[in-house]
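Chemist: Below is one structure. I have some questions about it.
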Amino acid sequence: MDVQVPALLPEIIFHILLLLPVHSLFRCKSVCREWYKLITNETFVKAHLAKKNKCLFYKRKNVLNTCCVNELLLDNPMSKTSIHYPLIVDDFARLVGSANGLLCIVQLEGISIYNPTTRICNRVYGGFVAPVRHYQVAYGFGYESYTDDYKVVAVCKSNNKVKVYSLKTGIWKKVSDFPDANLLQDGLFLDGCIYWLDYLPNNLPNIVSFDLLKETYTQVTHPRYDEGEKRLDLGVLGDRLCVLSSYAEKALTDIWVMDGNDSWRNSLFIMYPQDHDGWSRFCQTYCMSNYGKILLRFGYRVCIYDLNNSSLTFVNEIDDCQWVSSFDESLISPIGPGLRYRLRSWKVKSQMGDGSSIAI
């Protein structure tokens, strides 16, 4: 006698699929037409993004890698994937930032908006062209929720001119000039704004924000730092803007977190490791777990600071990195009229004793 298995309700299938990682969802798209429509639906894509499966994307020894942040913070063996990335053809490529799982990478040939999870890329050309070089431009990349658009902001350091590229329209447009473009680094994206440190001669750098919707600038007040020579870096901690104030003489970094109404609180301080080289500092924050562990960067190395016992642990597999960025695993793909394609890649299964790898 045939036994009929009752079909699952669409709502149940929706919530079950939400629990799967992106690489499993790609296989599920081939199960049937209904699942394909569900997984590619905008509502499902945004609901899956809200799960916040955070990963790291980093360049080490000219190889691009990804790893799961949760496995790092839980002290489990790291799951690392080496990705062959043919778009990077020069040594000058740099990672600007990430938004909703998309990364912005600038190189001599142009700008790449790339999803490392789906390995789909959109190439962007234009902006400031020769004789302006890429190192003469400070960039920012972020997401504007009101118009559901991703934007690249390019600030020319020599004349303060600013151009904004919309992935939705595929058009560069000029906006009002930057107040004073003494920018040494690319911008940091948070909540619809891009933040830069604007360095002034013999003074603390200004913290300047650019609103991606209004396309206007705002100067952010500084925390009340301690006396002494310091180096400042911007970061995000607990979904809030933070400033890392590093003192080489004291061998420590204060982390200030912004509360509402432009007020700051000194959240914590972290001592440098005893074997520090004198010039490295804590310069980037990536995430903070619910158990009091902070993933951040010291010099060219990634480390974990435990608030519970003030311990600092370096992740040996992620050292000597040219650049590192955190991103949320997502199904969101670059959009717009640019050259868009999926990259070929392979996963590294294991490392051999001689440094070689077995690829599958």
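Residues in the structure tokens are numbered from 1 in each chain, the chains being A, B, ... in the order shown, and ligands are numbered from 1 in the order shown.
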Can you list, as a PyMOL selection string, every protein, DNA or RNA residue that comes within 6 Å of segment 155-170 of chain A when you count only C-alpha atoms, leaving out same-chain residues fewer than 2 positions away?
Modeler: chain A and resi 136-138+149-153+172-175+177-178+181+335-337
Chemist: With a distance cut-off of 10 Å and only C-alpha atoms, select the neighbouring residues of segment 272-281 of chain A, excluding the residue or stretch itself and same-chain residues fewer than 3 positions from it, and output the selection as a list in words.
Modeler: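 Contacts, in chain order: Arg231, Leu232, Asp233, Leu244, Ser245, Ser246, Tyr247, Ala248, Glu249, Lys250, Ala251, Leu252, Thr253, Phe269, Gln284, Arg297, Phe298, Gly299, Tyr300, Arg301, Ser311, Leu312, Thr313 and Phe314 of chain A.
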Chemist: Selected residues, N, CA, C and O atoms, written as a compact mmCIF listing (two decimals), in the first residue's frame, please.
Modeler:
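Result went into again-v7.txt, see below:
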```txt
# COMPACT_ATOMS: atom_id res chain seq x y z
N ARG A 231 47.24 57.93 18.02
CA ARG A 231 46.80 57.63 16.65
C ARG A 231 45.35 57.20 16.71
O ARG A 231 44.97 56.38 17.56
N LEU A 232 44.53 57.74 15.80
CA LEU A 232 43.10 57.46 15.81
C LEU A 232 42.71 56.58 14.64
O LEU A 232 43.23 56.72 13.53
N ASP A 233 41.76 55.68 14.88
CA ASP A 233 41.18 54.83 13.84
C ASP A 233 39.69 54.69 14.14
O ASP A 233 39.27 54.68 15.30
N LEU A 244 39.18 54.19 17.98
CA LEU A 244 40.30 53.54 18.66
C LEU A 244 41.41 54.57 18.82
O LEU A 244 41.95 55.06 17.82
N SER A 245 41.71 54.93 20.04
CA SER A 245 42.74 55.93 20.35
C SER A 245 43.95 55.20 20.91
O SER A 245 43.92 54.71 22.04
N SER A 246 45.03 55.11 20.12
CA SER A 246 46.18 54.29 20.47
C SER A 246 47.34 55.16 20.93
O SER A 246 47.68 56.16 20.28
N TYR A 247 47.94 54.78 22.05
CA TYR A 247 49.07 55.50 22.64
C TYR A 247 50.29 54.58 22.62
O TYR A 247 50.35 53.60 23.36
N ALA A 248 51.26 54.90 21.78
CA ALA A 248 52.44 54.05 21.65
C ALA A 248 53.26 54.04 22.94
O ALA A 248 53.78 52.99 23.35
N GLU A 249 53.38 55.21 23.60
CA GLU A 249 54.19 55.27 24.82
C GLU A 249 53.57 54.46 25.95
O GLU A 249 54.27 53.82 26.73
N LYS A 250 52.25 54.48 26.05
CA LYS A 250 51.56 53.71 27.08
C LYS A 250 51.33 52.27 26.66
O LYS A 250 50.95 51.43 27.49
N ALA A 251 51.50 51.97 25.36
CA ALA A 251 51.27 50.62 24.82
C ALA A 251 49.84 50.15 25.10
O ALA A 251 49.61 49.03 25.55
N LEU A 252 48.89 51.02 24.81
CA LEU A 252 47.49 50.65 25.00
C LEU A 252 46.61 51.39 24.00
O LEU A 252 47.01 52.41 23.43
N THR A 253 45.39 50.88 23.83
CA THR A 253 44.39 51.50 22.97
C THR A 253 43.10 51.69 23.75
O THR A 253 42.57 50.73 24.32
N PHE A 269 39.74 49.66 27.50
CA PHE A 269 41.09 49.85 26.98
C PHE A 269 41.75 48.48 26.89
O PHE A 269 41.47 47.58 27.68
N GLN A 284 41.48 48.06 13.77
CA GLN A 284 40.18 47.71 13.19
C GLN A 284 39.42 46.82 14.15
O GLN A 284 40.01 45.96 14.82
N ARG A 297 41.89 43.78 14.97
CA ARG A 297 43.15 43.64 14.26
C ARG A 297 44.24 44.44 14.97
O ARG A 297 44.03 45.59 15.36
N PHE A 298 45.40 43.81 15.12
CA PHE A 298 46.58 44.46 15.67
C PHE A 298 47.68 44.38 14.62
O PHE A 298 48.19 43.30 14.34
N GLY A 299 48.03 45.51 14.03
CA GLY A 299 49.01 45.49 12.95
C GLY A 299 48.48 44.70 11.77
O GLY A 299 47.39 44.99 11.25
N TYR A 300 49.22 43.68 11.36
CA TYR A 300 48.79 42.83 10.25
C TYR A 300 48.18 41.52 10.74
O TYR A 300 48.02 40.58 9.96
N ARG A 301 47.83 41.43 12.01
CA ARG A 301 47.33 40.19 12.57
C ARG A 301 45.93 40.39 13.15
O ARG A 301 45.57 41.47 13.62
N SER A 311 42.08 38.77 28.29
CA SER A 311 43.10 38.02 27.57
C SER A 311 43.07 38.35 26.08
O SER A 311 42.03 38.72 25.54
N LEU A 312 44.21 38.22 25.44
CA LEU A 312 44.35 38.51 24.02
C LEU A 312 44.93 37.28 23.33
O LEU A 312 46.01 36.80 23.72
N THR A 313 44.23 36.76 22.33
CA THR A 313 44.65 35.56 21.62
C THR A 313 44.75 35.87 20.13
O THR A 313 43.78 36.35 19.53
N PHE A 314 45.90 35.58 19.53
CA PHE A 314 46.08 35.82 18.11
C PHE A 314 45.62 34.59 17.32
O PHE A 314 45.80 33.45 17.74
```
Chemist: Near segment 26-39 of chain A, within 10 Å and counting only C-alpha atoms, which residues show up once chain neighbours fewer than 5 positions away are dropped, as a list in words?
Modeler: Pro10, Ile13, Phe14, Leu17, Leu18, Leu20, Pro21, Phe44, Val45, His48, Thr118 and Leu331 of chain A
Chemist: So that I have them on file, write out the residues from the current selection with N, CA, C and O atoms, as a short mmCIF file (atom, residue, chain, number, x, y, z; two decimals), in the first residue's frame.
Modeler:
```
data_model
loop_
_atom_site.label_atom_id
_atom_site.label_comp_id
_atom_site.auth_asym_id
_atom_site.auth_seq_id
_atom_site.Cartn_x
_atom_site.Cartn_y
_atom_site.Cartn_z
N PRO A 10 4.04 26.03 2.79
CA PRO A 10 5.08 26.96 2.29
C PRO A 10 5.76 27.74 3.40
O PRO A 10 6.96 28.02 3.33
N ILE A 13 8.45 25.54 4.92
CA ILE A 13 9.60 25.43 4.02
C ILE A 13 10.42 26.71 4.06
O ILE A 13 11.65 26.67 4.07
N PHE A 14 9.73 27.84 4.10
CA PHE A 14 10.42 29.15 4.16
C PHE A 14 11.36 29.20 5.36
O PHE A 14 12.54 29.55 5.23
N LEU A 17 14.40 26.68 5.14
CA LEU A 17 15.44 27.11 4.22
C LEU A 17 16.23 28.29 4.78
O LEU A 17 17.41 28.46 4.47
N LEU A 18 15.59 29.11 5.62
CA LEU A 18 16.30 30.23 6.22
C LEU A 18 17.47 29.78 7.09
O LEU A 18 18.42 30.52 7.30
N LEU A 20 19.57 27.44 6.39
CA LEU A 20 20.67 26.88 5.61
C LEU A 20 21.67 27.95 5.20
O LEU A 20 21.31 29.11 4.98
N PRO A 21 22.96 27.57 5.08
CA PRO A 21 23.96 28.51 4.55
C PRO A 21 23.75 28.72 3.05
O PRO A 21 23.02 27.95 2.39
N PHE A 44 12.75 36.65 0.83
CA PHE A 44 13.58 35.59 1.40
C PHE A 44 15.04 36.03 1.51
O PHE A 44 15.71 35.77 2.51
N VAL A 45 15.55 36.70 0.47
CA VAL A 45 16.95 37.14 0.46
C VAL A 45 17.22 38.07 1.65
O VAL A 45 18.24 37.93 2.35
N HIS A 48 17.06 36.14 5.00
CA HIS A 48 18.27 35.34 5.21
C HIS A 48 19.43 36.23 5.64
O HIS A 48 20.25 35.84 6.49
N THR A 118 28.50 34.11 -3.05
CA THR A 118 27.97 33.62 -4.32
C THR A 118 28.99 33.70 -5.44
O THR A 118 28.79 33.14 -6.51
N LEU A 331 22.74 36.29 0.04
CA LEU A 331 22.37 35.93 -1.33
C LEU A 331 22.31 37.16 -2.23
O LEU A 331 22.05 37.03 -3.42
#
```
Chemist: For atom CA of Lys54 of chain A and atom CA of Asn41 of chain A, quote the distance in Å rounded to one decimal.
Modeler: 21.7 Å
Chemist: Select from segment 85-269 of chain A everything DSSP, run on the backbone, classes as strand (DSSP E or B), then give the selection as a PyMOL selection string.
Modeler: chain A and resi 94-99+102-107+110-115+120-124+137-144+149-156+162-166+171-175+183+188-190+193-198+206-211+217-220+231-237+240-247+252-258+264-269
Chemist: As an exercise, work out the distance from atom CA of Cys55 of chain A to atom CA of Ser209 of chain A in Å and give it to one decimal place.
Modeler: 25.8 Å
Chemist: Using only C-alpha atoms, pick whichever of A:Ser289, A:Asn53, A:Asn62, A:Thr40 has the shortest atom-to-atom distance to Asp239 of chain A.
Modeler: A:Ser289
